[in-house]
>>> print(open('model35.txt').read())   # compact mmCIF, C-alpha atoms
# COMPACT_ATOMS: atom_id res chain seq x y z
CA MET A 1 120.24 -105.66 151.37
CA SER A 2 123.46 -103.69 151.56
CA ARG A 3 121.35 -100.53 151.77
CA MET A 4 119.52 -101.98 154.73
CA LEU A 5 122.82 -102.90 156.32
CA SER A 6 124.34 -99.47 155.91
CA ALA A 7 121.14 -97.98 157.31
CA ALA A 8 121.49 -100.18 160.37
CA GLN A 9 125.09 -99.08 160.75
CA SER A 10 124.16 -95.46 160.41
CA LEU A 11 121.37 -95.80 162.94
CA SER A 12 123.87 -97.10 165.44
CA LEU A 13 126.05 -94.14 164.49
CA ALA A 14 123.29 -91.76 165.26
CA PHE A 15 123.47 -92.96 168.82
CA GLY A 16 127.06 -92.02 169.17
CA VAL A 17 128.81 -95.23 168.20
CA VAL A 18 131.61 -93.98 166.00
CA LEU A 19 132.73 -96.31 163.24
CA ALA A 20 135.86 -95.77 161.19
CA PRO A 21 135.40 -93.08 158.54
CA LEU A 22 134.81 -94.28 155.00
CA ALA A 23 137.57 -94.15 152.42
CA HIS A 24 139.11 -90.70 152.37
CA ALA A 25 138.27 -88.19 149.70
CA ASP A 26 140.68 -87.63 146.89
CA GLU A 27 140.81 -83.85 146.84
CA ASP A 28 141.31 -81.23 149.53
CA LEU A 29 139.96 -77.80 148.83
CA LYS A 30 140.96 -74.83 150.97
CA LEU A 31 138.77 -71.82 151.63
CA VAL A 32 139.72 -68.89 153.81
CA ILE A 33 137.28 -66.58 155.57
CA GLU A 34 138.79 -63.17 156.19
CA ASN A 35 136.80 -60.03 157.03
CA HIS A 36 133.61 -62.08 156.41
CA VAL A 37 134.59 -62.78 152.79
CA PHE A 38 135.50 -66.12 151.22
CA VAL A 39 138.91 -66.30 149.56
CA PRO A 40 138.71 -67.50 146.85
CA ALA A 41 135.05 -66.71 146.24
CA GLU A 42 134.94 -68.99 143.21
CA VAL A 43 136.47 -72.45 143.20
CA ARG A 44 136.59 -75.20 140.60
CA VAL A 45 136.57 -78.86 141.54
CA PRO A 46 136.39 -82.09 139.57
CA ALA A 47 132.87 -83.50 139.21
CA ASN A 48 131.94 -87.03 140.31
CA LYS A 49 134.57 -87.10 143.02
CA LYS A 50 134.30 -86.81 146.74
CA ILE A 51 135.92 -83.59 148.01
CA ARG A 52 137.08 -82.46 151.41
CA ILE A 53 136.67 -78.75 151.97
CA VAL A 54 138.84 -77.17 154.65
CA ILE A 55 137.41 -73.84 155.77
CA ASP A 56 139.89 -71.63 157.58
CA ASN A 57 138.10 -68.92 159.54
CA ARG A 58 140.64 -66.19 160.30
CA ASP A 59 138.06 -63.80 161.70
CA ALA A 60 137.61 -63.18 165.42
CA THR A 61 133.94 -64.19 165.09
CA PRO A 62 132.33 -67.55 164.31
CA GLU A 63 130.82 -68.25 160.92
CA GLU A 64 128.33 -70.85 159.72
CA PHE A 65 129.24 -72.33 156.37
CA GLU A 66 126.03 -73.21 154.57
CA SER A 67 125.00 -74.49 151.17
CA GLN A 68 121.71 -76.01 150.13
CA GLY A 69 123.19 -77.63 147.04
CA LEU A 70 126.19 -79.07 148.86
CA HIS A 71 124.02 -80.14 151.86
CA ALA A 72 126.52 -78.36 154.06
CA GLU A 73 125.89 -76.74 157.42
CA LYS A 74 128.79 -76.25 159.77
CA VAL A 75 129.76 -73.69 162.36
CA ILE A 76 133.42 -72.67 162.12
CA PRO A 77 134.47 -71.10 165.45
CA ALA A 78 136.59 -67.93 165.46
CA ASN A 79 140.21 -68.40 164.37
CA SER A 80 139.86 -72.08 163.61
CA LYS A 81 139.43 -74.53 160.78
CA GLY A 82 136.53 -76.78 159.88
CA VAL A 83 136.41 -79.72 157.49
CA ILE A 84 133.42 -81.01 155.56
CA SER A 85 132.99 -83.74 152.99
CA VAL A 86 130.88 -83.12 149.87
CA GLY A 87 130.06 -85.03 146.73
CA PRO A 88 130.54 -86.88 144.50
CA LEU A 89 128.98 -83.90 142.69
CA LYS A 90 127.27 -83.77 139.35
CA PRO A 91 128.74 -81.10 137.05
CA GLY A 92 127.20 -77.73 137.86
CA THR A 93 127.39 -74.57 139.94
CA TYR A 94 126.81 -74.73 143.68
CA SER A 95 126.52 -71.57 145.71
CA PHE A 96 127.59 -71.36 149.34
CA TYR A 97 127.48 -68.62 151.94
CA GLY A 98 128.28 -67.65 155.49
CA GLU A 99 124.96 -67.66 157.31
CA PHE A 100 126.17 -65.17 159.91
CA ASN A 101 127.43 -62.60 157.38
CA ARG A 102 125.43 -63.38 154.32
CA THR A 103 125.73 -59.95 152.72
CA THR A 104 129.49 -60.33 152.24
CA ALA A 105 130.29 -64.03 152.68
CA GLN A 106 129.19 -65.46 149.33
CA GLY A 107 130.86 -67.92 147.02
CA VAL A 108 130.34 -70.48 144.30
CA LEU A 109 131.78 -73.91 143.72
CA ILE A 110 131.90 -75.13 140.13
CA ALA A 111 132.08 -78.88 139.58
CA GLU A 112 133.30 -79.81 136.09
CA MET D 1 119.28 -54.75 162.46
CA LEU D 2 116.81 -56.37 160.08
CA GLY D 3 119.52 -58.76 158.85
CA THR D 4 120.15 -59.88 162.43
CA ALA D 5 116.42 -60.32 163.01
CA ILE D 6 116.12 -62.58 159.96
CA ILE D 7 119.08 -64.76 161.02
CA LEU D 8 117.73 -65.25 164.54
CA PHE D 9 114.25 -65.87 163.18
CA ARG D 10 115.62 -68.68 161.03
CA GLU D 11 117.59 -70.16 163.90
CA VAL D 12 114.68 -70.26 166.36
CA LEU D 13 111.93 -71.11 163.85
CA GLU D 14 112.48 -74.86 163.79
CA ALA D 15 112.64 -75.21 167.57
CA ALA D 16 109.59 -72.94 167.97
CA LEU D 17 107.53 -75.05 165.56
CA ILE D 18 108.55 -78.29 167.29
CA ILE D 19 107.63 -76.83 170.69
CA GLY D 20 104.30 -75.69 169.23
CA ILE D 21 103.54 -79.24 168.09
CA ILE D 22 104.69 -80.85 171.35
CA ALA D 23 102.71 -78.34 173.43
CA ALA D 24 99.57 -79.16 171.44
CA ALA D 25 100.14 -82.92 171.42
CA THR D 26 100.50 -82.98 175.20
CA ARG D 27 97.51 -80.73 175.91
CA ASN D 28 96.29 -83.08 178.65
CA VAL D 29 99.54 -83.73 180.44
CA HIS D 30 99.29 -82.41 183.97
CA LYS D 31 101.33 -79.22 184.51
CA ARG D 32 102.92 -79.59 181.09
CA GLY D 33 103.63 -75.84 181.05
CA TYR D 34 106.26 -76.36 183.76
CA TRP D 35 107.80 -79.24 181.86
CA ILE D 36 107.93 -77.36 178.57
CA SER D 37 109.38 -74.27 180.25
CA GLY D 38 111.87 -76.51 182.01
CA GLY D 39 112.83 -78.08 178.70
CA ILE D 40 113.34 -74.65 177.14
CA ALA D 41 115.42 -73.47 180.12
CA LEU D 42 117.57 -76.61 179.99
CA GLY D 43 117.92 -76.27 176.22
CA VAL D 44 119.05 -72.64 176.46
CA THR D 45 121.52 -73.49 179.23
CA GLY D 46 122.81 -76.42 177.16
CA ALA D 47 123.07 -74.21 174.08
CA CYS D 48 125.27 -71.74 175.96
CA ILE D 49 127.49 -74.58 177.20
CA VAL D 50 127.76 -76.09 173.71
CA ALA D 51 128.54 -72.68 172.22
CA ALA D 52 131.24 -72.11 174.84
CA PHE D 53 132.87 -75.43 173.96
CA ALA D 54 132.20 -75.18 170.22
CA SER D 55 135.88 -75.32 169.31
CA GLY D 56 136.47 -78.34 171.52
CA ILE D 57 133.44 -80.20 170.16
CA SER D 58 134.50 -79.47 166.57
CA GLU D 59 137.89 -81.05 167.16
CA LEU D 60 136.43 -84.35 168.38
CA ALA D 61 136.06 -87.31 166.02
CA GLN D 62 138.83 -86.11 163.68
CA GLY D 63 137.28 -82.67 163.23
CA MET D 64 133.81 -84.10 162.74
CA GLY D 65 132.64 -83.75 166.35
CA GLN D 66 130.04 -81.15 165.43
CA GLU D 67 128.43 -83.46 162.87
CA VAL D 68 128.45 -86.50 165.18
CA PHE D 69 127.06 -84.36 168.01
CA ASN D 70 124.23 -82.98 165.85
CA ALA D 71 123.41 -86.41 164.44
CA SER D 72 123.31 -87.89 167.96
CA ILE D 73 120.99 -85.14 169.23
CA LEU D 74 118.70 -85.65 166.25
CA GLY D 75 118.79 -89.44 166.69
CA LEU D 76 117.83 -89.13 170.35
CA ALA D 77 114.98 -86.76 169.48
CA VAL D 78 113.73 -89.21 166.82
CA VAL D 79 113.62 -92.02 169.41
CA MET D 80 111.75 -89.80 171.88
CA LEU D 81 109.21 -88.66 169.29
CA GLY D 82 108.70 -92.21 168.04
CA TRP D 83 108.19 -93.44 171.57
CA HIS D 84 105.71 -90.63 172.23
CA ASN D 85 103.69 -91.59 169.15
CA ILE D 86 103.60 -95.29 170.03
CA TRP D 87 102.53 -94.40 173.57
CA MET D 88 99.81 -92.11 172.22
CA THR D 89 98.23 -94.81 170.05
CA ARG D 90 97.81 -96.87 173.21
CA HIS D 91 96.39 -94.10 175.35
CA GLY D 92 95.14 -91.55 172.84
CA ARG D 93 91.50 -92.56 173.08
CA GLU D 94 91.25 -92.23 176.83
CA LEU D 95 93.04 -88.88 176.56
CA ALA D 96 90.54 -87.67 173.96
CA VAL D 97 87.71 -88.59 176.30
CA GLN D 98 89.35 -86.90 179.26
CA ALA D 99 90.15 -83.79 177.23
CA GLY D 100 86.44 -83.10 177.20
CA ALA D 101 86.29 -82.91 180.96
CA VAL D 102 87.41 -79.46 181.99
CA GLY D 103 90.37 -79.30 184.30
CA LYS D 104 90.77 -83.04 184.52
CA SER D 105 94.35 -84.17 184.43
CA VAL D 106 95.68 -87.47 183.24
CA GLY D 107 96.24 -89.64 186.26
CA ALA D 108 98.08 -92.91 186.64
CA GLY D 109 99.67 -94.27 183.48
CA ALA D 110 100.31 -90.82 182.05
CA GLU D 111 103.22 -90.49 179.70
CA PRO D 112 106.41 -89.76 181.58
CA VAL D 113 106.89 -86.03 181.23
CA THR D 114 110.61 -86.58 180.86
CA VAL D 115 110.02 -87.44 177.19
CA LEU D 116 108.40 -84.07 176.69
CA LEU D 117 111.14 -82.31 178.61
CA THR D 118 113.86 -84.05 176.60
CA VAL D 119 112.43 -83.39 173.13
CA VAL D 120 111.90 -79.70 173.87
CA GLY D 121 115.34 -79.42 175.45
CA LEU D 122 117.05 -81.12 172.49
CA ALA D 123 115.25 -78.96 169.93
CA VAL D 124 116.27 -75.77 171.74
CA LEU D 125 119.80 -77.02 172.38
CA ARG D 126 120.61 -77.77 168.74
CA GLU D 127 119.21 -74.61 167.18
CA GLY D 128 120.04 -72.45 170.18
CA ALA D 129 123.75 -73.20 170.14
CA GLU D 130 124.06 -71.62 166.69
CA ALA D 131 122.06 -68.59 167.79
CA VAL D 132 124.28 -68.14 170.86
CA LEU D 133 127.43 -68.36 168.74
CA PHE D 134 126.04 -65.79 166.35
CA LEU D 135 125.13 -63.41 169.18
CA TYR D 136 128.54 -63.93 170.74
CA GLY D 137 130.04 -62.92 167.39
CA ILE D 138 128.10 -59.65 167.43
CA VAL D 139 129.25 -58.80 170.93
CA ALA D 140 132.85 -59.86 170.18
CA GLN D 141 133.00 -57.55 167.18
CA GLY D 142 132.26 -54.78 169.63
CA ASN D 143 131.25 -52.25 167.03
CA THR D 144 128.89 -49.39 167.73
CA SER D 145 125.90 -51.03 166.10
CA ALA D 146 125.97 -53.96 168.54
CA SER D 147 122.96 -52.74 170.53
CA ALA D 148 120.89 -52.28 167.37
CA MET D 149 121.86 -55.76 166.27
CA LEU D 150 120.90 -57.24 169.62
CA ALA D 151 117.54 -55.47 169.36
CA GLY D 152 117.18 -57.08 165.94
CA ALA D 153 118.00 -60.44 167.47
CA ALA D 154 115.27 -60.01 170.08
CA LEU D 155 112.84 -59.11 167.30
CA GLY D 156 113.81 -62.21 165.32
CA ILE D 157 113.40 -64.49 168.35
CA ALA D 158 110.00 -62.92 169.11
CA ALA D 159 108.88 -63.49 165.51
CA GLY D 160 109.98 -67.15 165.65
CA VAL D 161 108.13 -67.70 168.94
CA ALA D 162 105.04 -66.04 167.43
CA VAL D 163 105.03 -68.51 164.52
CA GLY D 164 105.38 -71.43 166.96
CA MET D 165 102.45 -70.11 169.00
CA ALA D 166 100.37 -69.59 165.86
CA LEU D 167 100.93 -73.25 165.00
CA TYR D 168 100.01 -74.27 168.56
CA PHE D 169 96.72 -72.35 168.57
CA GLY D 170 96.00 -73.52 165.03
CA LEU D 171 96.43 -77.14 166.08
CA LEU D 172 94.15 -76.64 169.10
CA ARG D 173 91.34 -75.76 166.69
CA ILE D 174 91.37 -79.27 165.27
CA PRO D 175 88.26 -81.12 166.52
CA LEU D 176 89.03 -83.45 169.43
CA ARG D 177 87.94 -86.52 167.48
CA PHE D 178 90.83 -86.07 165.05
CA PHE D 179 93.15 -84.14 167.31
CA PHE D 180 95.51 -86.87 168.49
CA GLN D 181 95.64 -88.55 165.06
CA ALA D 182 96.56 -85.18 163.55
CA THR D 183 99.31 -84.38 166.06
CA SER D 184 100.66 -87.94 165.88
CA LEU D 185 100.86 -87.74 162.10
CA LEU D 186 102.66 -84.40 162.34
CA ILE D 187 105.12 -85.81 164.88
CA LEU D 188 105.71 -88.82 162.59
CA PHE D 189 106.75 -86.45 159.80
CA VAL D 190 108.89 -84.34 162.15
CA ALA D 191 110.70 -87.47 163.39
CA ALA D 192 111.32 -88.74 159.84
CA GLY D 193 112.62 -85.31 158.84
CA MET D 194 115.02 -85.25 161.80
CA ALA D 195 116.34 -88.68 160.82
CA GLY D 196 116.98 -87.37 157.30
CA GLN D 197 118.85 -84.40 158.77
CA ALA D 198 120.95 -86.76 160.89
CA ALA D 199 121.91 -88.60 157.69
CA ARG D 200 122.90 -85.29 156.15
CA PHE D 201 125.34 -84.56 159.00
CA LEU D 202 126.85 -88.04 158.81
CA ILE D 203 127.40 -87.63 155.06
CA GLN D 204 129.02 -84.23 155.69
CA ALA D 205 131.33 -85.96 158.18
CA ASP D 206 132.19 -88.58 155.56
CA LEU D 207 130.83 -91.31 157.81
CA LEU D 208 128.13 -92.31 155.31
CA PRO D 209 127.95 -92.31 151.51
CA SER D 210 125.33 -90.05 149.93
CA LEU D 211 124.16 -92.89 147.59
CA ALA D 212 122.65 -90.46 145.09
CA ASP D 213 123.21 -86.71 145.15
CA PRO D 214 120.69 -85.32 144.56
CA LEU D 215 117.96 -87.93 144.21
CA TRP D 216 115.76 -85.17 142.81
CA ASP D 217 115.81 -81.38 142.73
CA VAL D 218 112.77 -79.23 143.40
CA SER D 219 114.75 -76.25 144.73
CA ALA D 220 113.33 -74.13 141.91
CA VAL D 221 109.78 -74.75 143.23
CA VAL D 222 110.33 -74.11 146.95
CA PRO D 223 113.93 -73.06 147.76
CA GLY D 224 115.24 -74.71 150.92
CA ASP D 225 116.41 -71.43 152.44
CA SER D 226 113.13 -69.58 151.84
CA ILE D 227 110.76 -69.10 154.77
CA ALA D 228 108.29 -71.57 153.25
CA GLY D 229 111.13 -74.03 152.71
CA ARG D 230 112.23 -73.71 156.33
CA VAL D 231 108.72 -74.09 157.74
CA LEU D 232 108.13 -77.18 155.59
CA HIS D 233 111.56 -78.44 156.63
CA ALA D 234 110.63 -78.23 160.31
CA LEU D 235 107.14 -79.71 159.85
CA VAL D 236 107.60 -82.50 157.32
CA GLY D 237 111.36 -82.62 156.83
CA TYR D 238 111.20 -80.93 153.43
CA GLU D 239 114.51 -81.10 151.57
CA PRO D 240 114.53 -79.79 147.97
CA GLN D 241 117.64 -81.72 146.88
CA PRO D 242 117.74 -84.83 149.04
CA THR D 243 120.46 -87.45 148.79
CA GLY D 244 119.54 -91.12 148.51
CA MET D 245 120.76 -91.73 152.07
CA HIS D 246 118.64 -88.83 153.36
CA MET D 247 115.46 -90.33 151.90
CA LEU D 248 116.44 -93.83 153.07
CA PHE D 249 116.72 -92.57 156.67
CA TYR D 250 113.48 -90.63 156.25
CA ALA D 251 111.55 -93.62 154.88
CA ILE D 252 112.91 -96.18 157.36
CA THR D 253 112.13 -93.92 160.35
CA PHE D 254 108.64 -93.22 159.03
CA VAL D 255 107.87 -96.91 158.48
CA VAL D 256 109.42 -98.14 161.74
CA ILE D 257 107.44 -95.66 163.88
CA LEU D 258 104.27 -96.40 161.89
CA ILE D 259 104.70 -100.16 162.52
CA GLY D 260 105.29 -99.42 166.20
CA MET D 261 102.08 -97.40 166.30
CA ARG D 262 100.13 -100.26 164.65
CA LEU D 263 101.55 -102.82 167.05
CA GLY D 264 100.98 -100.49 170.01
CA ALA D 265 97.35 -99.81 169.14
CA PRO D 266 94.90 -101.38 171.62
CA LYS D 267 93.28 -104.63 170.45
CA ARG D 268 89.57 -104.39 169.77
>>> encode(input="model35.txt", output="structure tokens")
Amino acid sequence: MSRMLSAAQSLSLAFGVVLAPLAHADEDLKLVIENHVFVPAEVRVPANKKIRIVIDNRDATPEEFESQGLHAEKVIPANSKGVISVGPLKPGTYSFYGEFNRTTAQGVLIAE
Amino acid sequence: MLGTAIILFREVLEAALIIGIIAAATRNVHKRGYWISGGIALGVTGACIVAAFASGISELAQGMGQEVFNASILGLAVVMLGWHNIWMTRHGRELAVQAGAVGKSVGAGAEPVTVLLTVVGLAVLREGAEAVLFLYGIVAQGNTSASAMLAGAALGIAAGVAVGMALYFGLLRIPLRFFFQATSLLILFVAAGMAGQAARFLIQADLLPSLADPLWDVSAVVPGDSIAGRVLHALVGYEPQPTGMHMLFYAITFVVILIGMRLGAPKR
């Protein structure tokens, strides 16, 4: 029943009705993109917790932060920051990359 | 250059496949070529506008404007596709009969072409905005290889369009008796997949819980970022590591449209 309810809420969301965000995540993780490279390229986070990742793109070009495992897909415009919410994650290694500069912009997130 | 081609190919693939399906599903709509071209033109224009205001959009909704925007576009497309399918179950049979008559267009009672225009426009808008931002990045970098990269981009776009056209001509080979059932089924899967994607954006924005993450993991079988994974993603909403919420959205959309199609079917 509660699943049905939240689905109804989310359907209304999909049509642009913005509800208050859910309870805020416990941890903030900061990633910097500089010269199409993630700094740090390897990060450790606690497992089973919701995490906010702040991605600070310091390049003059946009980047798309993407990760299959983290279900993340977000364009970070040039010289600006983007925030995404991930998790709670099971322990494991999750790779992420910059779609627009995939040869250099690679990183892993380790949940433990 | 090849790297650029692959990125652009990925960005346009989904929209190209959706246009291929829509073009086939509306084979009898009068002058649909104009409407599809119009939808593409509007989508490209919209994509440029969205790309230009990308920073502004991102800052909306406490930094989650991009997610809410994407989810809204997907939600609107789901409604349009669902409505198309329900309409088709009502009028599909007469269309199948008329399709046999060469050059005969659907007259009164034809599906409003605005639905077609909107779905195509939305598909191009969403994927196109990312492509425009990427191309802008190339130009902004201003290095000497920019022209080679732009050539690569053109190659990637052409390859994506070719796949969409291959799907279109493939679908046209389906015998008329099954044609509209086949395209309706495909559209049902596309709509459910889009709903799942909308859920994914709302989870990323922390507006929805993931419920279970992941519900299952078949990324070792068909990786989500492989070409096969992306084609399946566009056609049936394939997601190798779906969250519980993703599948809930997928299933509810699938069932709701299916019920609508049953209710909309003409009484015998």
>>> closest_atom_pairs(input="model35.txt", of="chain D", to="chain A", cutoff="6 Å", atoms="all atoms listed in the file", output="Markdown table")
| residue | atom | partner | partner_atom | distance |
| --- | --- | --- | --- | --- |
| D:Ser55 | CA | A:Pro77 | CA | 5.9 |
| D:Ala71 | CA | A:Ala14 | CA | 5.4 |
| D:Ser72 | CA | A:Ala14 | CA | 4.7 |
| D:Gly75 | CA | A:Ala14 | CA | 5.3 |
| D:Gly137 | CA | A:Thr61 | CA | 4.7 |
| D:Gln204 | CA | A:Ser85 | CA | 4.8 |
| D:Ala205 | CA | A:Ser85 | CA | 5.9 |
| D:Asp206 | CA | A:Ser85 | CA | 5.5 |
| D:Leu207 | CA | A:Pro21 | CA | 5.0 |
>>> residues_near_point(input="model35.txt", point="(112.3, -82.3, 161.6)", cutoff="7 Å", atoms="only C-alpha atoms", output="list in words")
Val190, Ala191, Ala192, Gly193, Met194, His233, Ala234, Leu235, Val236 and Gly237 of chain D
>>> atom_distance(input="model35.txt", atom1="CA of Asp213 (chain D)", atom2="CA of Tyr97 (chain A)")
19.8 Å
>>> residues_around(input="model35.txt", residues="Pro46 (chain A)", least_positions_apart="5", cutoff="9 Å", atoms="all atoms listed in the file", output="list in words")
Glu27, Ile51, Leu89, Pro91, Ile110, Ala111 and Glu112 of chain A
>>> write_last_selection(input="model35.txt", atoms="C-alpha atoms", output="PDB file, in the coordinates of the input")
ATOM      1  CA  GLU A  27     140.810 -83.850 146.840  1.00  0.00           C
ATOM      2  CA  ILE A  51     135.920 -83.590 148.010  1.00  0.00           C
ATOM      3  CA  LEU A  89     128.980 -83.900 142.690  1.00  0.00           C
ATOM      4  CA  PRO A  91     128.740 -81.100 137.050  1.00  0.00           C
ATOM      5  CA  ILE A 110     131.900 -75.130 140.130  1.00  0.00           C
ATOM      6  CA  ALA A 111     132.080 -78.880 139.580  1.00  0.00           C
ATOM      7  CA  GLU A 112     133.300 -79.810 136.090  1.00  0.00           C
TER       8      GLU A 112
END
>>> atom_distance(input="model35.txt", atom1="CA of Thr253 (chain D)", atom2="CA of Pro240 (chain D)")
18.9 Å
>>> closest_residue(input="model35.txt", among="D:Phe53, D:Gly43, D:Ala166, D:Val222", to="Gly65 (chain D)", atoms="all atoms listed in the file")
D:Phe53
>>> atom_distance(input="model35.txt", atom1="CA of Leu155 (chain D)", atom2="CA of Thr118 (chain D)")
26.6 Å
>>> closest_residue(input="model35.txt", among="A:His36, A:Glu42, A:Val108, A:Lys30", to="Asp56 (chain A)", atoms="only C-alpha atoms")
A:Lys30
>>> residues_around(input="model35.txt", residues="Ile57 (chain D)", least_positions_apart="5", cutoff="10 Å", atoms="only C-alpha atoms", output="list in words")
Val50, Ala51, Ala52, Gly63, Met64, Gly65, Gln66, Glu67, Val68 and Phe69 of chain D
>>> residues_around(input="model35.txt", residues="region 8-22 of chain D", least_positions_apart="5", cutoff="9 Å", atoms="all atoms listed in the file", output="ChimeraX atom specification")
/D:3,27,36,40,116,119-120,122-128,130-131,134-135,152-169,171,183,186-187,190,227,230-231,233-235
>>> write_last_selection(input="model35.txt", atoms="C-alpha atoms", output="compact mmCIF listing (two decimals), in the coordinates of the input")
# COMPACT_ATOMS: atom_id res chain seq x y z
CA GLY D 3 119.52 -58.76 158.85
CA ARG D 27 97.51 -80.73 175.91
CA ILE D 36 107.93 -77.36 178.57
CA ILE D 40 113.34 -74.65 177.14
CA LEU D 116 108.40 -84.07 176.69
CA VAL D 119 112.43 -83.39 173.13
CA VAL D 120 111.90 -79.70 173.87
CA LEU D 122 117.05 -81.12 172.49
CA ALA D 123 115.25 -78.96 169.93
CA VAL D 124 116.27 -75.77 171.74
CA LEU D 125 119.80 -77.02 172.38
CA ARG D 126 120.61 -77.77 168.74
CA GLU D 127 119.21 -74.61 167.18
CA GLY D 128 120.04 -72.45 170.18
CA GLU D 130 124.06 -71.62 166.69
CA ALA D 131 122.06 -68.59 167.79
CA PHE D 134 126.04 -65.79 166.35
CA LEU D 135 125.13 -63.41 169.18
CA GLY D 152 117.18 -57.08 165.94
CA ALA D 153 118.00 -60.44 167.47
CA ALA D 154 115.27 -60.01 170.08
CA LEU D 155 112.84 -59.11 167.30
CA GLY D 156 113.81 -62.21 165.32
CA ILE D 157 113.40 -64.49 168.35
CA ALA D 158 110.00 -62.92 169.11
CA ALA D 159 108.88 -63.49 165.51
CA GLY D 160 109.98 -67.15 165.65
CA VAL D 161 108.13 -67.70 168.94
CA ALA D 162 105.04 -66.04 167.43
CA VAL D 163 105.03 -68.51 164.52
CA GLY D 164 105.38 -71.43 166.96
CA MET D 165 102.45 -70.11 169.00
CA ALA D 166 100.37 -69.59 165.86
CA LEU D 167 100.93 -73.25 165.00
CA TYR D 168 100.01 -74.27 168.56
CA PHE D 169 96.72 -72.35 168.57
CA LEU D 171 96.43 -77.14 166.08
CA THR D 183 99.31 -84.38 166.06
CA LEU D 186 102.66 -84.40 162.34
CA ILE D 187 105.12 -85.81 164.88
CA VAL D 190 108.89 -84.34 162.15
CA ILE D 227 110.76 -69.10 154.77
CA ARG D 230 112.23 -73.71 156.33
CA VAL D 231 108.72 -74.09 157.74
CA HIS D 233 111.56 -78.44 156.63
CA ALA D 234 110.63 -78.23 160.31
CA LEU D 235 107.14 -79.71 159.85
>>> closest_residue(input="model35.txt", among="D:Ala146, D:Gly224, D:Ser210, D:Ser184", to="Lys49 (chain A)", atoms="only C-alpha atoms")
D:Ser210
